[in-house]
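Structure file data.cif (mmCIF, C-alpha atoms) is printed below.
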data_my_file
#
loop_
_atom_site.label_atom_id
_atom_site.label_comp_id
_atom_site.auth_asym_id
_atom_site.auth_seq_id
_atom_site.Cartn_x
_atom_site.Cartn_y
_atom_site.Cartn_z
CA MET D 267 4.24 18.20 12.23
CA VAL D 268 6.45 19.26 9.36
CA ARG D 269 6.35 17.25 6.16
CA ARG D 270 7.95 17.62 2.80
CA ALA D 271 7.05 15.42 -0.15
CA THR D 272 10.03 14.39 -2.24
CA GLY D 273 10.49 12.80 -5.62
CA SER D 274 12.27 9.47 -5.95
CA ARG D 275 13.39 9.61 -9.57
CA SER D 276 16.93 8.35 -9.99
CA ALA D 277 19.33 8.12 -12.89
CA GLY D 278 18.12 5.75 -15.54
CA ARG D 279 14.45 6.16 -14.67
CA GLU D 280 13.61 9.05 -16.95
CA ALA D 281 11.03 6.95 -18.78
CA VAL D 282 8.68 6.94 -15.79
CA ARG D 283 7.76 9.66 -13.33
CA GLY D 284 8.83 8.73 -9.82
CA ALA D 285 6.48 8.61 -6.87
CA ARG D 286 6.53 11.41 -4.34
CA ARG D 287 7.34 9.93 -0.97
CA PRO D 288 6.00 11.23 2.32
CA GLU D 289 8.34 12.52 4.98
CA VAL D 290 6.39 12.16 8.18
CA ARG D 291 7.72 13.93 11.26
CA LEU D 292 5.48 13.26 14.21
CA PRO D 293 4.96 15.75 17.02
CA PRO D 294 5.37 14.67 20.66
CA LEU D 295 2.74 11.98 21.18
CA GLU D 296 0.47 11.12 24.05
CA PRO D 297 -0.13 7.44 24.88
CA TRP D 298 -3.56 6.12 23.96
CA THR D 299 -5.25 4.79 27.10
CA GLU D 300 -8.90 4.35 26.13
CA GLY D 301 -8.68 0.60 25.47
CA GLU D 302 -11.39 0.43 22.79
CA LEU D 303 -11.67 2.14 19.44
CA ALA D 304 -14.91 3.95 18.71
CA PRO D 305 -16.73 4.25 15.38
CA ASP D 306 -16.10 7.73 13.92
CA GLY D 307 -13.56 8.37 16.67
CA ASP D 308 -11.06 11.22 16.40
CA TYR D 309 -7.46 10.34 17.31
CA ASP D 310 -4.90 13.14 17.07
CA GLY D 311 -1.27 13.05 18.17
CA LEU D 312 -1.53 9.67 19.91
CA GLU D 313 0.76 6.67 20.26
CA PHE D 314 -0.82 3.23 20.10
CA ARG D 315 1.92 0.90 21.37
CA GLU D 316 1.49 -2.89 21.57
CA CYS D 317 -2.29 -2.46 21.63
CA ASP D 318 -4.63 -5.37 21.00
CA LEU D 319 -7.14 -3.86 18.58
CA ALA D 320 -8.37 -7.24 17.31
CA GLY D 321 -12.08 -7.28 16.57
CA GLN D 322 -12.60 -3.65 17.54
CA ASP D 323 -14.77 -1.25 15.56
CA GLY D 324 -13.12 1.98 14.44
CA ALA D 325 -15.10 2.40 11.23
CA GLY D 326 -15.03 5.99 10.00
CA ALA D 327 -12.40 7.03 12.55
CA ARG D 328 -9.71 9.63 11.88
CA PHE D 329 -6.08 9.07 12.85
CA MET D 330 -3.96 12.23 12.49
CA ASP D 331 -0.27 12.48 13.46
CA CYS D 332 -0.41 9.06 15.12
CA ALA D 333 2.01 6.19 15.63
CA LEU D 334 0.73 2.62 15.77
CA THR D 335 3.53 0.28 16.84
CA GLY D 336 3.32 -3.48 17.33
CA CYS D 337 -0.47 -3.53 17.36
CA ALA D 338 -2.70 -6.55 16.66
CA VAL D 339 -5.35 -5.76 14.06
CA ASP D 340 -7.04 -9.12 13.42
CA GLU D 341 -10.53 -8.45 12.01
CA THR D 342 -10.31 -4.81 13.12
CA ALA D 343 -13.07 -2.80 11.43
CA LEU D 344 -11.63 0.41 9.95
CA GLY D 345 -13.79 0.87 6.90
CA ARG D 346 -13.90 4.48 5.65
CA ALA D 347 -11.27 5.43 8.23
CA ARG D 348 -8.83 8.25 7.47
CA VAL D 349 -5.18 7.71 8.38
CA LEU D 350 -3.20 10.90 7.83
CA ASP D 351 0.43 11.88 8.49
CA SER D 352 1.01 8.72 10.51
CA VAL D 353 3.54 5.91 10.94
CA LEU D 354 2.36 2.32 11.31
CA THR D 355 5.10 -0.08 12.41
CA GLY D 356 4.99 -3.80 13.03
CA LEU D 357 1.23 -4.24 12.59
CA ARG D 358 0.12 -7.86 12.57
CA GLY D 359 -3.21 -9.45 11.85
CA VAL D 360 -5.54 -11.26 9.48
CA GLY D 361 -8.67 -9.85 7.91
CA THR D 362 -8.18 -6.19 8.78
CA ARG D 363 -11.06 -4.28 7.17
CA LEU D 364 -10.06 -0.96 5.57
CA ALA D 365 -12.51 -0.83 2.68
CA GLU D 366 -12.95 2.71 1.30
CA ALA D 367 -10.40 4.05 3.78
CA THR D 368 -8.07 6.96 3.01
CA LEU D 369 -4.34 6.70 3.70
CA ARG D 370 -2.44 9.90 2.98
CA ASP D 371 1.18 10.67 3.93
CA VAL D 372 1.56 7.32 5.68
CA GLU D 373 4.48 4.97 6.29
CA LEU D 374 3.61 1.29 6.84
CA VAL D 375 6.74 -0.50 8.06
CA ASP D 376 7.43 -4.21 8.68
CA ALA D 377 3.79 -5.27 8.62
CA ARG D 378 2.75 -8.93 8.84
CA LEU D 379 -0.76 -8.97 7.45
CA GLY D 380 -3.06 -11.38 5.65
CA GLY D 381 -6.29 -10.82 3.80
CA THR D 382 -6.27 -7.05 4.37
CA GLN D 383 -9.33 -5.48 2.76
CA LEU D 384 -8.50 -2.16 1.09
CA HIS D 385 -10.94 -2.37 -1.80
CA GLY D 386 -12.19 1.03 -2.89
CA ALA D 387 -9.57 2.75 -0.72
CA VAL D 388 -7.52 5.82 -1.59
CA LEU D 389 -3.75 5.71 -1.00
CA GLU D 390 -1.75 8.86 -1.66
CA ARG D 391 1.89 9.43 -0.74
CA VAL D 392 2.21 6.08 1.01
CA VAL D 393 5.33 3.96 1.54
CA ILE D 394 4.94 0.27 2.40
CA ARG D 395 8.38 -0.84 3.53
CA GLY D 396 9.47 -4.29 4.67
CA GLY D 397 7.31 -7.09 5.99
CA LYS D 398 4.93 -9.42 4.19
CA ILE D 399 1.31 -9.00 3.15
CA ASP D 400 -0.67 -11.98 1.87
CA TYR D 401 -3.82 -11.63 -0.25
CA LEU D 402 -3.95 -7.83 -0.18
CA ASN D 403 -7.28 -6.69 -1.65
CA LEU D 404 -6.93 -3.38 -3.51
CA ARG D 405 -9.74 -3.94 -5.98
CA GLU D 406 -11.13 -0.66 -7.37
CA ALA D 407 -8.70 1.30 -5.16
CA ARG D 408 -6.86 4.47 -6.19
CA LEU D 409 -3.12 4.55 -5.63
CA LYS D 410 -1.12 7.70 -6.32
CA ASP D 411 2.50 8.22 -5.28
CA VAL D 412 2.75 4.82 -3.59
CA VAL D 413 5.99 2.89 -3.05
CA PHE D 414 6.24 -0.80 -2.21
CA GLU D 415 9.78 -1.23 -0.90
CA SER D 416 11.66 -4.31 0.33
CA CYS D 417 8.43 -6.16 1.03
CA VAL D 418 6.77 -9.39 -0.07
CA LEU D 419 3.29 -9.27 -1.63
CA VAL D 420 1.61 -12.64 -2.13
CA GLU D 421 -1.34 -12.68 -4.54
CA PRO D 422 -2.16 -8.97 -4.31
CA ASP D 423 -5.39 -8.01 -6.08
CA PHE D 424 -5.24 -4.76 -8.06
CA ALA D 425 -8.23 -5.62 -10.27
CA GLY D 426 -10.03 -2.50 -11.43
CA ALA D 427 -7.65 -0.26 -9.48
CA ARG D 428 -6.09 2.98 -10.75
CA LEU D 429 -2.35 3.21 -10.18
CA GLU D 430 -0.43 6.42 -10.86
CA ARG D 431 3.23 6.93 -10.00
CA VAL D 432 3.54 3.60 -8.17
CA GLU D 433 6.94 1.99 -7.62
CA PHE D 434 7.96 -1.52 -6.65
CA THR D 435 11.50 -1.40 -5.27
CA ASP D 436 13.38 -4.52 -4.15
CA CYS D 437 9.94 -6.07 -3.74
CA ALA D 438 8.63 -9.59 -4.37
CA LEU D 439 5.37 -9.55 -6.33
CA LYS D 440 3.88 -13.03 -6.44
CA GLY D 441 0.70 -13.92 -8.28
CA ALA D 442 -0.52 -10.34 -8.85
CA ASP D 443 -3.90 -9.64 -10.47
CA PHE D 444 -4.05 -6.47 -12.59
CA GLY D 445 -7.26 -7.38 -14.41
CA GLY D 446 -9.14 -4.26 -15.47
CA ALA D 447 -6.58 -1.99 -13.78
CA THR D 448 -5.38 1.34 -15.19
CA LEU D 449 -1.65 2.00 -14.87
CA THR D 450 0.17 5.31 -15.35
CA ASP D 451 3.90 5.65 -14.60
CA VAL D 452 4.05 2.34 -12.74
CA ASP D 453 7.63 1.13 -12.26
CA LEU D 454 7.83 -2.65 -11.91
CA ARG D 455 11.56 -2.93 -12.57
CA GLY D 456 12.40 -3.43 -8.90
CA ALA D 457 10.02 -6.38 -8.49
CA ALA D 458 11.79 -9.74 -8.22
CA PRO D 459 10.16 -12.06 -8.77
CA LEU D 460 7.49 -10.41 -10.91
CA GLU D 461 4.61 -12.85 -11.23
CA ILE D 462 1.39 -11.68 -12.89
CA THR D 463 -1.47 -14.14 -13.16
CA ARG D 464 -4.06 -11.83 -14.72
CA GLY D 465 -4.16 -8.46 -16.44
CA LEU D 466 -1.08 -8.62 -18.64
CA ASP D 467 -3.07 -6.68 -21.21
CA ARG D 468 -3.37 -3.79 -18.72
CA LEU D 469 0.37 -3.10 -18.39
CA SER D 470 0.61 -0.44 -21.10
CA GLY D 471 1.34 2.26 -18.50
CA ALA D 472 4.06 0.25 -16.75
CA VAL D 473 7.81 -0.05 -17.18
CA ILE D 474 9.56 -3.41 -16.87
CA SER D 475 13.14 -4.53 -17.48
CA THR D 476 14.37 -6.66 -20.38
CA GLY D 477 14.95 -9.57 -18.01
CA GLN D 478 11.40 -9.33 -16.67
CA LEU D 479 10.08 -9.31 -20.24
CA LEU D 480 11.90 -12.55 -20.94
CA ASP D 481 10.56 -14.09 -17.73
CA LEU D 482 7.01 -13.07 -18.64
CA ALA D 483 7.31 -14.19 -22.26
CA PRO D 484 5.62 -17.60 -21.79
CA VAL D 485 2.68 -16.05 -19.95
CA LEU D 486 2.41 -13.26 -22.53
CA ALA D 487 2.47 -15.79 -25.36
CA ALA D 488 -0.25 -17.85 -23.71
CA ALA D 489 -2.40 -14.76 -23.14
CA MET D 490 -2.08 -13.85 -26.83
CA GLY D 491 -2.77 -17.38 -28.01
CA ILE D 492 0.73 -17.83 -29.41
CA ARG D 493 2.10 -21.35 -29.50
CA VAL D 494 5.84 -21.60 -28.90
CA MET D 495 7.28 -24.83 -30.30
#

Translate this file's structure into structure tokens.
Amino acid sequence: MVRRATGSRSAGREAVRGARRPEVRLPPLEPWTEGELAPDGDYDGLEFRECDLAGQDGAGARFMDCALTGCAVDETALGRARVLDSVLTGLRGVGTRLAEATLRDVELVDARLGGTQLHGAVLERVVIRGGKIDYLNLREARLKDVVFESCVLVEPDFAGARLERVEFTDCALKGADFGGATLTDVDLRGAAPLEITRGLDRLSGAVISTGQLLDLAPVLAAAMGIRVM
């Protein structure tokens, strides 16, 4: 596997440092044939295609140079798992448990997920592209060099999380909670709509557009106790 991290800064974005994106090039893969994940399992250079992983227990497992394509992950237990240099495409499921997991140099493409638990997780050089994720729980997580691109996030929870060099590009952000979060070089200009229900006072490390500022003005005024008459 050969990978090169690249910057995504473009003209007009000098005010914020761009996220480094992963470039994942997978080696030739072997099909996974075991049928059941195992806690603390070690999966290297494997292709999981159209696998039903619902309800399985892969807590603490390591996935290295893997491709997961079209897999069902309803209530799949992957707490403290490590997903490295891998591509996850078309995952679908509700209640996937990834608390305290590590995702590094990962592409998550066209996912359809709900209630995914990533609280306390570490995401580094991750691109989440396309698809829709409802009620994503990233409380107390650490995100560094993460890009949300052309996807829909409904009521994502970033409360208490640390975000550094995170970009939202052509992405719908609906009902986001940034309460207690710490933001550094977070680019929200590509989020449309940008809806923040909590944590407006934590946006000092973010960049937004003039239009977004106008859209947020009523919520900002309410948060500051300002009456507009």

- request: Step by step: start from the point (7.1, 6.3, -0.4) in the file's coordinates, keep every protein, DNA or RNA residue that has an atom no farther than 12 Å from it, count all atoms listed in the file, and write the set as JSON, numbers by chain.
  value: {"D": [270, 271, 272, 273, 274, 275, 284, 285, 286, 287, 288, 289, 290, 353, 370, 371, 372, 373, 374, 375, 389, 390, 391, 392, 393, 394, 395, 396, 409, 410, 411, 412, 413, 414, 415, 416, 431, 432, 433, 434, 435]}

- request: For the structure shown, which residues end up in the PyMOL selection byres ((chain D and resi 377-387) around 6)? Put them as an NGL selection string, please?
  value: :D and (356-368 or 375-376 or 388 or 397-407)

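Checking D:Leu429, D:Ala458, D:Cys337, D:Ala447 one by one against Asp481 of chain D, counting only C-alpha atoms, you find the shortest gap at D:Ala458.
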
statement: Min atom-atom distance to Glu300 of chain D from the set D:Ala483, D:Val418, D:Ala325, D:Leu312, counting all atoms listed in the file, belongs to D:Leu312

- request: Determine, counting only C-alpha atoms, every residue of protein, DNA or RNA that lies within 6 Å of (-3.6, 9.2, 8.3) in the file coordinates, then give the result as number ranges by chain.
  value: D: 329-330, 348-352, 369-370

Non-local contacts of Val473 of chain D (7 Å; only C-alpha atoms; under 3 positions in same chain excluded) as a VMD selection string: chain D and resid 452 to 455

For Gly471 of chain D: contacts at 9 Å, only C-alpha atoms, fewer than 4 positions along chain excluded, given as a short mmCIF file (atom, residue, chain, number, x, y, z; two decimals) with C-alpha atoms, keeping the file's coordinate frame:
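Everything below was put into around_22.cif:
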data_model
loop_
_atom_site.label_atom_id
_atom_site.label_comp_id
_atom_site.auth_asym_id
_atom_site.auth_seq_id
_atom_site.Cartn_x
_atom_site.Cartn_y
_atom_site.Cartn_z
CA GLU D 430 -0.43 6.42 -10.86
CA THR D 448 -5.38 1.34 -15.19
CA LEU D 449 -1.65 2.00 -14.87
CA THR D 450 0.17 5.31 -15.35
CA ASP D 451 3.90 5.65 -14.60
CA VAL D 452 4.05 2.34 -12.74
CA ASP D 453 7.63 1.13 -12.26
#
